Structure formats: C-alpha cells, structure tokens
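**Q** Pasting a structure here, questions to come.
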Amino acid sequence: MNLSKNKLIHFLFLVLISSFANAQEKITITGQVVNRDAQQPLAFVTITVNDSESHKTITGTITDEAGFFTISELPIGNYEVEVSFMGFQTYSKQIIAGGLNPIFDLGKIQLSETTESLQEVMITAERATVNSGLDKKSFSLNNTIAQSGGSVLDAMKTMPGVAFDQDGKVVLRGSDKVVVLIDGKQSSLTGFGNQKGLANIPAANIERIEIINNPSAKYDANGFAGIVNIIYKKEKEIGFNGDAGLSFGLGAFSKRRKDTPTDFGSYSVNPKLIPSLNFNYRTKKLNYFLQTEFIIQEALPNNEFTTRFYDDGRTILSQVPENRRQFRSIITGGVDYEMSDNDHITFSGMIDREKHIDTSQVAFINLNDNFRNRSYTWQEEEVTSAINTAVAYKHNFSRAGHSLSANLQYTRGLEDESYFLNDSSVVRVGRDMTNIKAIEHTTSIATDYTQALSNGRIELGVKGRFRRLPVDYTIMRGEQSIIYPNLGDFSKWSENLYAAYGNYLLEKEFYDLEAGLRLEETEVSYKLDPVNVYYNSNDNYDYFELYPSIRFTYKLNDKNKISTFYNRRVDRPGEPELRIFPKYDDPELLKVGNPYLRPQFTHSFEVAHRYSWGAGSLFSAIYHREINGAYQRIYSIDDSNPDYNIVNRIYQNTGQSTNTGVEVLFSQDITNYWKLTSSFNIYRNQIDAFQGTLLFPFKRPFFIEESSDIAGDFKITNTFILPWKMEAQVTGLWYSDKNIPQGTELSRSSIDLGIKKSLWGKRGELSLSATDLFNRFGIRQKVIGQDFTALYQNYYETQIVRIKLNYKF
C-alpha cells in the first residue's frame, strides 16, 4: 500500500514536471525602447533576434508608437537580441532560455545618441508636432516649460493657432466653437457640447494635446472651429509605477488698473497649490490605474471693469472682482483587462468635485461728478460635481486592422449655485438670495467598426446620446428686490442625438484620399414654468442633417505634401446658453440665456502644405469658413427701470459671417542648443448686417452693423538646452485688434519665461515658470450699442509664477 502510494506520488511528480516543461517550450521577449537623454519612447525601432551560435536571424519586429515591442512563440534556446535605430548606438542582449522562464521582459532599453545623429533626432521630434497627414497637430506638454505647473489652458497658451476669449474659452482661428475631448471622447470634465473647464484641469497628468482643425466624419459634427483632444498619460511598463507632483504658485502680483473705491477690492498675490499622485500596476493581462489631481487656491478668474457712456451724457463705471477661494479634486481610475489576445475591455470611472466661494463688492460710480450711486455686495457659493462611469470593449479579428469596438458611458452632473445679494444705494436697500440647482443625466452608447483594406480602410459607426437637465430656481426676495419677477421656478431641457457615419481612406504612392458622411438626427425640448411671462411657449424641435467631410493629399515628394479639406459642421446651444435665469454678478450688466436659440451651421474649406528639411519644418494653410445663424451675446439696454438703466447681455442668433485666413507654423533648430518655433495666423472677419428682436425682459429690436476687419495673432518660442541638464524657454504672444459683433476687441500681449532641470537620474524634474510678466494679457473690448457705448476691460489673473517638482517612481 505504501509502495503504491510512493509510485503514485512519483508518477504525478513526473507528469507535473513533464507538463511544466512542455508548457515552457515557447518563450516571449518584450520591452520598451527609449531615448537615454530625453527619456522619450522611440517608435519604429528595429528589433532583431539572432541565433547565438550561428548568428542567423530568427525573427524580428519594430516598436510601436510608445516604444514597446513583443516577440512571441519563440522556441527555447539561446539568442542575441539586437536593437538598432538610425542615429543611435546599437544595443545587444543575450537571452538564455532553458525552459524555466517563459517571459523575458527586457524593461526599458535606453539607446544613446551618436554624435553625428543629432539632426536626425530633431527631425523625429518635429514630426510629432506636425504630423505628416496634415489633419492633426500634436503637442507634447514636456515642451511647454514656460507654462509648467499650471492648467491645460495655460499649457495651450503658446500652441500655434490657439487664442482665448473673455470667458477663458479656447479660440481656434478666430472662433470659440471648439469641442474638447478627453482621450478621444466627450466627458463631463470638458462638456458634452462646446468646451468648458480647461482652466481648472491641471496639466500634470497630460501627455499631449492634439488640435484637429478638420475632423473626419467619425467625430461628432459639433465644433466648427475644430477639436482639441487631451491625451492623459498612461504607463505601459510591467509592474508597479507612478509619479508624484507638487506645484506651488503665486498670482496677480500687479494691478493693471486701480480698484474702484470699495471695502474688498480685488485679490492679489494669490497662492495656488496643485498636488498630484498617480499609480499604475500592470501585469500581462491586467492594468490598474489611478490618477489624482487637486487644486487649492485663491484666484481672480474675472476682474471686469465696464465704463458705460450713455447718449444722454451719463458715464457710469463699475468693477466686478471675482475674488475666489477654490478647492477642486479630480480622481480617475479603472482597470484594463486583456480577456484574450483579441479582446480588450476597460472599466473606468471619474469623480470631479469643485467648490468655490466668490466674494465681490461692486460700486457704480458716476464719473461726471465722481458720486457713488450704488454699492452692491454679493457672495456666491457653488458646488459642481460629476460622476462619470464608462465601459469600453474592443475586439480584434484574426486579420490585422479588422476590429469592432463599443463604448457605454453615463454621467451624473451637479450644479448647486447660491447667490447672496446685498444692495444699498440712494434708490433702495435690498436683500435677495437665489439658488440654481441643476442635475444632469447623460448617457451615450457608440459602436465603431474598422476594416483594413489592401491600400486603405473603411470605418463605420453608430451612436446615441441622451441628455436630461432639469433646473430648479429658488428665489428669496428681500424688500425692494432687484430680481426680475415672474421668471418661474423651473425649466427642463432635454436632447436626444442619433448618429451614424461611414468613412473611407485610400492610400496610394502619390496621394491619399479620405471621404466620409455623418448623419445626425437631433431632438430638443425646452419646457418652462408656465409662470414665466417673458417666453410664451415651450420650445420643441428636431432636425435631420448630413455632414460630409473630405480630404485629398498629394505627395509631391518625401518632404512636400499638400492637402485640401472640406467639411460641414454644426454648433448646438447647450443649456447654459438657453438658461432663462439671469446671473447677477453685475446687476447693471446682466448675463442671460435665450431658450429660443437655434444651432449654427458651417461650411469649412482649407488647403494645407507641409515642407520639412534636415533641421526644421514649415506648415502653412489657407482656410475659409461660412457660418449661418451664428449666435453670441448681444448688448442691449433695458430701460424699464425708472431709476437706472440695465444693459442685458443676451444670446441671440445673428445671421451670417465668414472667416478667411492664413496660418503658418515654422520650426528650426538654430544650433544643437537652440530651437526656434513661431507661428502667425492672419484672418479676415466678415460680419453681415443683421436686425433681430430680443424678448427679455420686453420685446425690442436690436441691430448689428456690417463690419469687416483683418486680424491676427503671432507667437514665438525659443528653447535653449543649458548645461547641468537644464532647459530654458522664452515665449512671446501678440493678438491684434479684431472686429466682433457690436464692436472691437483690442490687442493684447504676453511674455512668458520658464526653466527646468532634471534630477535623480531623470526620475525627477524641477521647473520654475512665470507667465505674463508685464501683465498685458487682459481682455479689452469696445462695444457700440443702441443709445450707449461701453469699454469692457477684464483684467483677470494672467500674471502667475509657479515652481513645480515631479518625481517618477
């Protein structure tokens, strides 16, 4: 009996050893190739596996865009792995595979540059900035030294063709109708319609930002000015890794204009703290990731001086300093699961919560006799949050380039805003409180299919998005209330979007062709409280539209490519533009939406050219856009109050306009230690005359005179490589005067400086940056309205000095 047991144990042991040996007859070699000096991944590096004895080549591959490679199904044996790339020293590694270890992870293979290859390395970096397809420009945030430690908005400040309006929105080629994506998808962080929130997203976790001026049909049709795609960092190393960062800054050192005489004034020398901590753990099948970002600060996001010159001789000055104390946290996490070699699924979630308290005292001063007519004190307490959950699945079929993906996303957003309003004047004494509470539910589901062809590919997809945003409005009126009566207590907005697209890409030796068509059906409903007396009916409508896109690229030679583009796009007003409840931060310059607002449609045309040479490149484009039904805020006097005038700023559709321009991006390595990049964008704005009718708070006409103007922006950045592993950067910006509906936006400029140093074997980085050194980047506008003109000056916080430390582990 004991002998039988021993024989059985011995037999099972032999079977186990045999099975283990059989399981290890195949091995896998993997790793990542990076530039030793820049610590950046190297793509398209040649990996060769040779037999150690005969030196014959067994197999090979090239690295992907992130520098990774994997060679599978190698029989056990002894090998020599060679890693070679033009301009770099060849790396070799001996592999002894006896069957015990199934996976050989070579980790980070760091290639050193050869002295004669510096020019070639610079060419590779430039191709990452302006890609050869001419349809997308990609910018690494590692290159924005002068804006390091700040927000995504700060990082975008020097990107070619990018400007900003008075609300902090990105302006591409003269328009703020820009869609912002996170990793290729719309999210609560940046909005499901047009953009929001870029000033509050720390740049610490962002890898790069892509600007797509002419999106293909696979993208949503909204955003005629283009798309900004923010790509978050994502580690691909096996095992545990992460990074920690801390940025500290001070803002608003000087004041462009002296505060009006109030008790509060505007904040200055505002402290800012932005810590971040990120983790990543990757195995062969699973990848867990967690990214955290926080903002703790005092800030001055708006500091609006408005001088109103009335035709009857009165001149009234007011200042609204938005003194803010703010805390914001953004936590993103999830898991990637390789279900099989062909199936991948990602579960992800995000919590974004922000609370701020704004305090301001607004004085209304009659400059004719320097008498303060009114003093208006308010405090705003606002909490906004979003919970975002998503599931993304992708299946790769057996043939390369043949895939099917699906994405399901749900977002619950919250806006809870309370205004406490105190008014004292010779006219009255008032105490009011308002609260807006909006809870948004957005669900989207999309499916995309890609089929590679012998010389191109076909892309097909469908999408549905459903948004519900009810708003509850609570008013507690004091004596002699300044709140408009009969607004009602609620509104309900909903939007259903159904879309399908087809996109075809053909790639030939001398030309490329991409053509697509997107179909979208949109249903909109806006219900108002019947108590509301300003709009006599609810608004319900739907529309079906076709959005074609086409790109043709002709390859003159390896260094010259020219592309032509056409697409049709739409910009839909969201609930903030439609909201009927006024914002009372300045009760004499009142901002309010319009529930009857309609979408605007655009035809875009462009011809672009790219030429590259040994140490530089030149990108140029000529573009033309035709906008129908453009909407923006209109200034108009409400003279229904017998004691003083109120100027309403109301969203309104305003007819047609065109935008025609030239954009040029230039890059040149002056020496091995000095790189120059510059850009200019010159365009002609043509705004047609238009007459319309405003309904709030009473019916009255408004007029826009025809205007035409040539405007532009110019940017230049100098980057220097210094001794002791240091880099420095100097950036200069200048935006010219430009025409706007009802007036002119005046020129502004900025000088930014930055320096960074690598620490601890390039695992750490210390940077110091200063933006808008001379405090000249504030926005100024001259507005011409009916029976008045106005000078609007927003000297918000643009002058900031930051120090940032980051460590990668």
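Order determines the names: the first chain of the structure tokens is A, the second B, and so forth; residues in each chain are numbered 1 upward, and ligands are numbered 1 upward as they are shown.
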So that I can see what lies close to Leu556 (chain A), please list as a ChimeraX atom specification the residues with an atom at most 12 Å from it, counting only C-alpha atoms and leaving out residues fewer than 2 positions away in the same chain.

**A** /A:509-512,553-554,558-563,609-611

**Q** Restricting it to C-alpha atoms, dump the selection as a PDB file, in the first residue's frame.

**A**
ATOM      1  CA  GLU A 509       2.051  56.088 -53.507  1.00  0.00           C
ATOM      2  CA  PHE A 510       1.459  59.670 -54.612  1.00  0.00           C
ATOM      3  CA  TYR A 511      -1.815  60.615 -52.964  1.00  0.00           C
ATOM      4  CA  ASP A 512      -4.223  59.920 -50.082  1.00  0.00           C
ATOM      5  CA  THR A 553      -3.445  64.807 -50.009  1.00  0.00           C
ATOM      6  CA  TYR A 554      -0.935  64.902 -52.852  1.00  0.00           C
ATOM      7  CA  ASP A 558       9.107  62.810 -49.233  1.00  0.00           C
ATOM      8  CA  LYS A 559       9.434  66.362 -47.898  1.00  0.00           C
ATOM      9  CA  ASN A 560       6.422  68.025 -49.522  1.00  0.00           C
ATOM     10  CA  LYS A 561       2.747  67.238 -49.039  1.00  0.00           C
ATOM     11  CA  ILE A 562      -0.295  69.328 -49.873  1.00  0.00           C
ATOM     12  CA  SER A 563      -3.852  68.648 -48.643  1.00  0.00           C
ATOM     13  CA  HIS A 609       1.034  72.336 -47.137  1.00  0.00           C
ATOM     14  CA  ARG A 610       3.921  70.887 -45.173  1.00  0.00           C
ATOM     15  CA  TYR A 611       7.599  71.092 -46.110  1.00  0.00           C
TER      16      TYR A 611
END

**Q** For the strand (DSSP E or B) assignment from backbone DSSP, which residues of region 224-309 of chain A qualify? Please present them as a ChimeraX atom specification.

**A** /A:226-232,239-251,270-282,286-299,303-309

**Q** May I ask for the distance between CA of Asp312 (chain A) and CA of Asp787 (chain A), given in Å to one decimal place?

**A**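 Answer for the CA of Asp312 (chain A) to CA of Asp787 (chain A) separation: 8.1 Å.
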
**Q** Between A:Ser247, A:Ser707, A:Asn685, A:Ser604, which has the minimum distance to Gly223 (chain A) (counting only C-alpha atoms)?

**A**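 So, comparing all the options, the nearest one is A:Ser604.
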
**Q** Got a sec: who's within 9 Å of Thr90 (chain A), counting only C-alpha atoms, leaving out chain neighbours fewer than 6 positions off, as JSON, numbers by chain?

**A** {"A": [82, 83, 84, 111, 112]}

**Q** As a compact mmCIF listing (two decimals) with all heavy atoms, in the first residue's frame, please: the residues near Lys93 (chain A) (cut-off 10 Å, only C-alpha atoms, same-chain neighbours under 4 positions excluded).

**A**
# COMPACT_ATOMS: atom_id res chain seq x y z
N VAL A 49 16.16 39.21 -33.61
CA VAL A 49 16.54 38.08 -32.76
C VAL A 49 17.40 37.13 -33.60
O VAL A 49 16.95 36.57 -34.60
CB VAL A 49 15.30 37.35 -32.22
CG1 VAL A 49 15.72 36.15 -31.36
CG2 VAL A 49 14.44 38.30 -31.41
N TYR A 79 19.69 33.11 -27.54
CA TYR A 79 19.52 34.13 -28.57
C TYR A 79 20.31 35.39 -28.24
O TYR A 79 20.68 35.63 -27.08
CB TYR A 79 18.04 34.52 -28.71
CG TYR A 79 17.14 33.36 -29.07
CD1 TYR A 79 16.33 32.74 -28.11
CD2 TYR A 79 17.08 32.88 -30.38
CE1 TYR A 79 15.50 31.69 -28.44
CE2 TYR A 79 16.25 31.83 -30.73
CZ TYR A 79 15.47 31.23 -29.75
OH TYR A 79 14.65 30.19 -30.07
N GLU A 80 20.55 36.17 -29.28
CA GLU A 80 21.09 37.52 -29.12
C GLU A 80 20.06 38.50 -29.70
O GLU A 80 19.70 38.40 -30.88
CB GLU A 80 22.42 37.67 -29.85
CG GLU A 80 23.03 39.06 -29.67
CD GLU A 80 24.31 39.26 -30.45
OE1 GLU A 80 24.38 38.75 -31.60
OE2 GLU A 80 25.23 39.90 -29.93
N VAL A 81 19.58 39.41 -28.86
CA VAL A 81 18.61 40.41 -29.29
C VAL A 81 19.35 41.70 -29.64
O VAL A 81 20.09 42.23 -28.81
CB VAL A 81 17.56 40.68 -28.19
CG1 VAL A 81 16.58 41.76 -28.64
CG2 VAL A 81 16.83 39.41 -27.83
N GLU A 82 19.16 42.17 -30.87
CA GLU A 82 19.79 43.42 -31.30
C GLU A 82 18.71 44.50 -31.47
O GLU A 82 17.66 44.25 -32.08
CB GLU A 82 20.52 43.23 -32.64
CG GLU A 82 21.94 42.75 -32.49
CD GLU A 82 22.71 42.85 -33.81
OE1 GLU A 82 22.12 43.34 -34.80
OE2 GLU A 82 23.87 42.44 -33.82
N VAL A 83 19.00 45.68 -30.94
CA VAL A 83 18.10 46.84 -31.05
C VAL A 83 18.86 47.93 -31.80
O VAL A 83 19.87 48.43 -31.30
CB VAL A 83 17.65 47.33 -29.66
CG1 VAL A 83 16.69 48.50 -29.80
CG2 VAL A 83 17.03 46.20 -28.87
N LEU A 106 12.73 42.76 -21.06
CA LEU A 106 13.99 43.49 -21.06
C LEU A 106 13.85 44.88 -20.46
O LEU A 106 14.84 45.61 -20.38
CB LEU A 106 14.53 43.59 -22.49
CG LEU A 106 14.73 42.25 -23.23
CD1 LEU A 106 15.40 42.49 -24.56
CD2 LEU A 106 15.52 41.27 -22.39
N ILE A 109 14.94 49.74 -22.55
CA ILE A 109 16.22 49.69 -23.26
C ILE A 109 16.56 51.11 -23.68
O ILE A 109 15.85 51.71 -24.49
CB ILE A 109 16.13 48.76 -24.49
CG1 ILE A 109 15.78 47.34 -24.04
CG2 ILE A 109 17.43 48.78 -25.26
CD1 ILE A 109 15.48 46.41 -25.19

**Q** For Val178 (chain A), which of A:Lys675, A:Arg572, A:Arg579, A:His603 is the closest residue, counting only C-alpha atoms?

**A**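 Closest candidate: A:Arg572.
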
**Q** Using CA of Asp243 (chain A) and CA of Tyr281 (chain A) as the two end points, give the distance in Å to one decimal.

**A**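 CA of Tyr281 (chain A) lies 12.2 Å from CA of Asp243 (chain A).
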
**Q** Please provide the set of residues having any atom within 8 Å of Tyr526 (chain A), restricted to only C-alpha atoms, with same-chain residues fewer than 6 positions apart removed, written as a ChimeraX atom specification.

**A** /A:491-494,538-540,595

**Q** In Å to one decimal, how far is CA of Ile646 (chain A) from CA of Pro582 (chain A)?

**A**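 A separation of 12.2 Å between them.
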
**Q** Residues near Tyr535 (chain A), anyone? I mean within 12 Å using only C-alpha atoms, not counting same-chain ones fewer than 6 positions away, as a PyMOL selection string.

**A** chain A and resi 486-488+491+526-529+578-580+593-596+694-699

**Q** What's around Phe240 (chain A) at 8 Å? Count only C-alpha atoms, leave out sequence neighbours fewer than 4 positions away in its own chain, and write the answer as a PyMOL selection string.

**A** chain A and resi 279-282

**Q** Pull N, CA and C atoms from the residues just selected and write them as a PDB file, in the first residue's frame.

**A**
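Final file, selection20.pdb:
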ATOM      1  N   PHE A 279      -0.858  56.253  -9.747  1.00  0.00           N
ATOM      2  CA  PHE A 279      -0.370  54.889  -9.603  1.00  0.00           C
ATOM      3  C   PHE A 279      -0.769  54.082 -10.832  1.00  0.00           C
ATOM      4  N   ASN A 280       0.071  53.108 -11.155  1.00  0.00           N
ATOM      5  CA  ASN A 280      -0.225  52.202 -12.248  1.00  0.00           C
ATOM      6  C   ASN A 280       0.399  50.842 -11.936  1.00  0.00           C
ATOM      7  N   TYR A 281      -0.400  49.796 -12.076  1.00  0.00           N
ATOM      8  CA  TYR A 281       0.120  48.440 -11.872  1.00  0.00           C
ATOM      9  C   TYR A 281      -0.316  47.585 -13.051  1.00  0.00           C
ATOM     10  N   ARG A 282       0.671  47.059 -13.780  1.00  0.00           N
ATOM     11  CA  ARG A 282       0.382  46.312 -14.997  1.00  0.00           C
ATOM     12  C   ARG A 282       0.942  44.901 -14.896  1.00  0.00           C
TER      13      ARG A 282
END
